[in-house]
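Read through the structure below, which is laid out as structure tokens, and then see the notes.
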Amino acid sequence: MASLWESLAQTGGPIPGAFLGLEASVALADLSKASSLGTDLEALRGRSVLIATHSQLTAALALVELDGIARRMVLCTPDLPREHLGRISATAAADAIVFEEGQPPDASIAPYGVAAHPSLTPGPVDRRRTEQTEWVLLTSGTTGAPKLVLHTLASLAGTLPRQQAAAGGSVWSTFYDIRRFGGLQIFLRAVLGGSPLVLSSAGEPIRDFLARAAAAHVTHISGTPSHWRRALMSGAATLIAPKYVRLSGEIADQALLDNLRGAYPAARIAHAFASTEAGVAFDVDDCLAGFPAALIGQGRGQVDMKVEDGTLRIRSGRTATRYLGADVNVLASADGYVDTGDMVELRDERYYFAGRKGGVINVGGLKVHPEEVEAVINADPRVRMSLVRARQNPIMGAVVVADVVLVDGASPTLDSGSSESLKHQLLDACRRVLPAHKVPTMLRFVPALELTPAGKLVRPGA
Amino acid sequence: MSVRSTVFAQFEQVAVEQNRKLAPLSDGVLLLESGLDSLSFAIIVARLEDALGVDPFSATGIVEFPVTFGDFVKLYEDAVA
């Protein structure tokens with residue numbers, strides 16, 4: 001498959017497209033005679049590169065510039081704890097890192113570092129493709145350390161509809177960070193379609209972002225249901241008048257779909273099912289929660305889907321190749337299906353999502369493995385065991401709650417005051433080491449937890 | 001305790017827990033300028049479901065998403081009524 005740059009150049013005319021960031025805007029045509037990587041682009045040829053910039057704009061530029069040049073690109077999410085960078089670098093055999101100008105990383109992470117600049121450096125650039133670049137995405141793992149998921153441009157973008165450059169004057173945007181799967185889909189649609197892309201910025205108030213998107217006349221915009229609820233609560237949702245509204249990454253409930261229909265009466269509103277491992281499976285645009293049962297079955301397009309043991313399985317050319325690293329499970333089963341881990345229930349010829357297998361919790365599009373939270377709670381000597389589970393929530397899809405069993409004798413002797421105090425100590429311990437979305441929003445003491453005959457915790461959906 | 005004071009107490013409590021600076025609350029304050037993030041609102045909605053026995057966001061039919069603190073209080077007052 002052609003590289004991103006080759007795809008842009010193939011259109012024959014001027015290179016279309018632009019990135020509209022908070023700090024700057026860059027026309028992709030300018031990359032024909034300039035680089036965001038200073039004079040170091042050539043030095044990255046053939047390398048395995050961590051793209052670890054803070055800003056989305058510099059990351060977006062690096063992806064366009066390095067596809068076809070780097071052997072491998074690892075898309076580090078902006079909230080990635082620094083302590084994970086070393087292990088990710090080792091797993092990906094990284095020998096270079098692209099970082100934000102002025103924020104050099106620890107030299108031990110990768111031997112070669114290149115600063116990324118939102119303002120381009122003019123100079124000759126050789127954009128010849130010499131690699132079929134591997135794209136590595138990060139997804140959360142059970143222990144809190146991310147897993148590395150290997151994709152190619154073909155698996156990420158292979159079946160995206162190609163648009164004629166600038167046809168229809170599409171302008172894309174996304175609430176997502178483009179280094180997450182949902183955001184990357186929009187990045188690729190915009191770049192391969194030759195459309196401008198409005199990038200959000202961490203910490204930018206949602207009203208300001210929507211105002212920028214409105215000023216750019218955004219026509220296509222995506223986000224998680226949580227992003228959209230926040231947009232609706234901002235009172236600024238109707239600043240934009242998109243033709244296409246996309247939801248992915250979480251379950252889209254009927255109340256939200258109805259609200260979006262009210263806010264954008266003329267838009268096509270689609271909710272998509274996609275995951276970092278399984279790729280994009282389907283879009284539904286009938287404004288009803290769930291998806292038609294008729295989508296299940298083989299040979300109904302480019303994606304085969306089936307339901308086995310209550311979870312949705314997907315087989316397609318868009319699924320990831322494999323995980324990087326030795327100690328992780330194989331991604332697909334022998335018949336080529338990837339288990340999405342999403343449980344579905346059939347009601348009236350329609351499948352509805354019913355949470356995650358194994359108790360994995362989806363908080364606003366971010367995965368939480370119960371085990372990593374339980375490990376923190378269980379570290380307290382007064383705790384015998386704990387069960388961390390999802391509680392459905394209309395704002396974030398789900399929040400994390402914990403049931404805790406104390407060691408013998410501890411709980412009956414607790415009066416309500418010391419019980420509250422212990423609860424606060426356990427939650428404080430969680431806050432010290434876990435990001436906010438993983439900290440239980442409620443913690444209660446229970447006399448016992450149900451165990452399987454094998455002595456394992458009974459998890460919802462496990 | 002009235003619905004309004006229950007809601008008010010939850011905003012204050014969650015702001016402290018989430019280490020966020022809460023703006024002085026009045027009916028006209030925009031929720032997204034109250035100092036709280038989405039996770040804070042998610043926690044408030046969960047706790048209010050326990051305290052008041054209602055979750056107006058999950059009610060069927062179109063529920064206007066509240067934009068101001070006043071909208072938010074009214075949503076709960078109407079749901080409890």
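Identifiers in the structure tokens: chain A, B, ... in order shown; residue index from 1 per chain; ligand index from 1 in order shown.
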
From a DSSP pass on the backbone, collect the residues of chain B flagged as alpha helix (DSSP H) and hand them back as a ChimeraX atom specification. /B:3-17,38-52,69-80

Hey, can you spit out that residue selection with C-alpha atoms as a compact mmCIF listing (two decimals), in the first residue's frame?
```
# COMPACT_ATOMS: atom_id res chain seq x y z
CA VAL B 3 -33.14 18.35 46.55
CA ARG B 4 -31.23 21.57 45.99
CA SER B 5 -29.18 21.23 49.15
CA THR B 6 -28.49 17.54 48.45
CA VAL B 7 -27.21 18.44 44.99
CA PHE B 8 -25.20 21.33 46.38
CA ALA B 9 -23.60 19.08 49.03
CA GLN B 10 -22.61 16.52 46.40
CA PHE B 11 -20.94 19.15 44.22
CA GLU B 12 -18.90 20.33 47.19
CA GLN B 13 -18.01 16.83 48.37
CA VAL B 14 -16.92 15.58 44.94
CA ALA B 15 -14.92 18.74 44.24
CA VAL B 16 -12.91 18.08 47.40
CA GLU B 17 -12.38 14.39 46.54
CA SER B 38 -16.85 14.80 33.34
CA LEU B 39 -15.68 12.24 35.86
CA SER B 40 -16.80 14.51 38.70
CA PHE B 41 -20.26 14.81 37.12
CA ALA B 42 -20.38 11.05 36.66
CA ILE B 43 -19.69 10.58 40.37
CA ILE B 44 -22.24 13.21 41.37
CA VAL B 45 -24.93 11.55 39.24
CA ALA B 46 -24.15 8.12 40.74
CA ARG B 47 -24.26 9.45 44.31
CA LEU B 48 -27.46 11.39 43.68
CA GLU B 49 -29.06 8.20 42.37
CA ASP B 50 -28.26 6.61 45.73
CA ALA B 51 -29.34 9.65 47.76
CA LEU B 52 -32.50 10.61 45.87
CA PHE B 69 -26.28 24.57 37.72
CA GLY B 70 -29.88 25.77 37.85
CA ASP B 71 -30.82 23.40 34.99
CA PHE B 72 -29.12 20.55 36.85
CA VAL B 73 -31.01 21.19 40.11
CA LYS B 74 -34.31 21.52 38.24
CA LEU B 75 -33.71 18.23 36.42
CA TYR B 76 -33.52 16.48 39.80
CA GLU B 77 -36.35 18.47 41.39
CA ASP B 78 -38.61 17.49 38.48
CA ALA B 79 -37.50 13.85 38.63
CA VAL B 80 -38.16 13.56 42.35
```

Set the distance at 12 Å and use only C-alpha atoms: which residues neighbour Trp228 of chain A once local chain neighbours fewer than 6 positions away are removed? I'd like the list as an MDAnalysis selection string. (chainID A and resid 174:176 206 210 221:222 234:238 245:250 252:253 255:261 263:264 269 271 364:365 394:397) or (chainID B and resid 38 65)

Taking 6 positions as the minimum chain separation for residues in the same chain, which residues sit within 8 Å of Arg391 of chain A when counting only C-alpha atoms? Answer as a short mmCIF file (atom, residue, chain, number, x, y, z; two decimals) with C-alpha atoms, in the first residue's frame.
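Writing the result to part-v7.cif gives the following:
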```cif
data_model
loop_
_atom_site.label_atom_id
_atom_site.label_comp_id
_atom_site.auth_asym_id
_atom_site.auth_seq_id
_atom_site.Cartn_x
_atom_site.Cartn_y
_atom_site.Cartn_z
CA ALA A 398 -19.62 3.45 33.59
CA VAL A 399 -17.76 4.31 36.76
CA VAL A 400 -15.61 2.10 38.95
CA VAL A 401 -16.94 0.80 42.28
#
```

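Across A:Glu204, A:Asp283, A:Asp304, A:Glu277, the tightest approach to chain B is made by A:Glu204 when counting only C-alpha atoms.
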
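Nearest to Leu41 of chain A of all the residues A:Leu85, A:Ala272, A:Met73, A:Val125 is A:Val125, counting only C-alpha atoms.
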
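The gap separating atom CA of Ser226 of chain A from atom CA of Gly359 of chain A is 19.8 Å, in Å to one decimal.
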
Any idea what's packed within 12 Å of Pro205 of chain A, counting only C-alpha atoms, ignoring anything in its chain fewer than 6 positions away? Could you give it as an NGL selection string? (:A and (22 or 175 or 211-212 or 230-231 or 234 or 236)) or (:B and (32-37))

Now that the selection is made, can you save its residues with C-alpha atoms as an mmCIF file, in the first residue's frame?
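Final output, saved to result.cif:
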```cif
data_model
loop_
_atom_site.group_PDB
_atom_site.id
_atom_site.type_symbol
_atom_site.label_atom_id
_atom_site.label_comp_id
_atom_site.auth_asym_id
_atom_site.auth_seq_id
_atom_site.Cartn_x
_atom_site.Cartn_y
_atom_site.Cartn_z
ATOM 1 C CA LEU A 22 -4.856 25.292 18.679
ATOM 2 C CA PHE A 175 -12.940 15.097 20.270
ATOM 3 C CA ALA A 211 -15.984 27.471 18.483
ATOM 4 C CA ARG A 212 -12.787 26.661 16.545
ATOM 5 C CA ARG A 230 -20.031 16.827 27.590
ATOM 6 C CA ALA A 231 -20.545 18.798 24.383
ATOM 7 C CA SER A 234 -21.485 22.783 27.446
ATOM 8 C CA ALA A 236 -22.101 25.127 22.859
ATOM 9 C CA LEU B 32 -18.561 23.147 32.489
ATOM 10 C CA GLU B 33 -17.253 26.319 34.122
ATOM 11 C CA SER B 34 -18.014 25.092 37.634
ATOM 12 C CA GLY B 35 -14.513 23.640 37.926
ATOM 13 C CA LEU B 36 -15.683 20.035 37.694
ATOM 14 C CA ASP B 37 -14.771 17.576 34.924
#
```

What lies within 12 Å of Pro435 of chain A using only C-alpha atoms, ignoring chain neighbours under 5 positions off, as a count of residues only? 17

If I take atom CA of Phe99 of chain A and atom CA of Ile51 of chain A, how far is one from the other in Å, to one decimal? 6.7 Å

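Minimum distance to His151 of chain A across A:Gly417, A:Gly341, A:Gly279, A:Gly203 (counting only C-alpha atoms) occurs at A:Gly279.
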
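Nearest to chain A of all the residues B:Leu25, B:Met1, B:Val54, B:Leu30 is B:Leu30, based on only C-alpha atoms.
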
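With atom CA of Pro370 of chain A on one side and atom CA of Leu387 of chain A on the other, the separation reads 7.4 Å.
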
Extract, using only C-alpha atoms, all DNA, RNA and protein residues at most 9 Å from Glu42 of chain A, discarding same-chain residues fewer than 2 positions from it, and format them as a list in words. Thr39, Asp40, Leu44, Arg45, Ile69, Val125 and Asp126 of chain A

Atoms kept (C-alpha atoms) for selection, written as a short mmCIF file (atom, residue, chain, number, x, y, z; two decimals), in the first residue's frame:
```cif
data_model
loop_
_atom_site.label_atom_id
_atom_site.label_comp_id
_atom_site.auth_asym_id
_atom_site.auth_seq_id
_atom_site.Cartn_x
_atom_site.Cartn_y
_atom_site.Cartn_z
CA THR A 39 16.66 18.37 9.29
CA ASP A 40 16.42 14.98 11.00
CA LEU A 44 14.82 8.38 11.08
CA ARG A 45 14.65 6.32 7.89
CA ILE A 69 10.16 6.22 6.13
CA VAL A 125 13.00 16.55 1.94
CA ASP A 126 13.18 13.10 0.41
#
```

With distances taken over only C-alpha atoms, the candidate from A:Leu232, A:Val307, A:Ala390, A:Val26 nearest chain B is A:Leu232
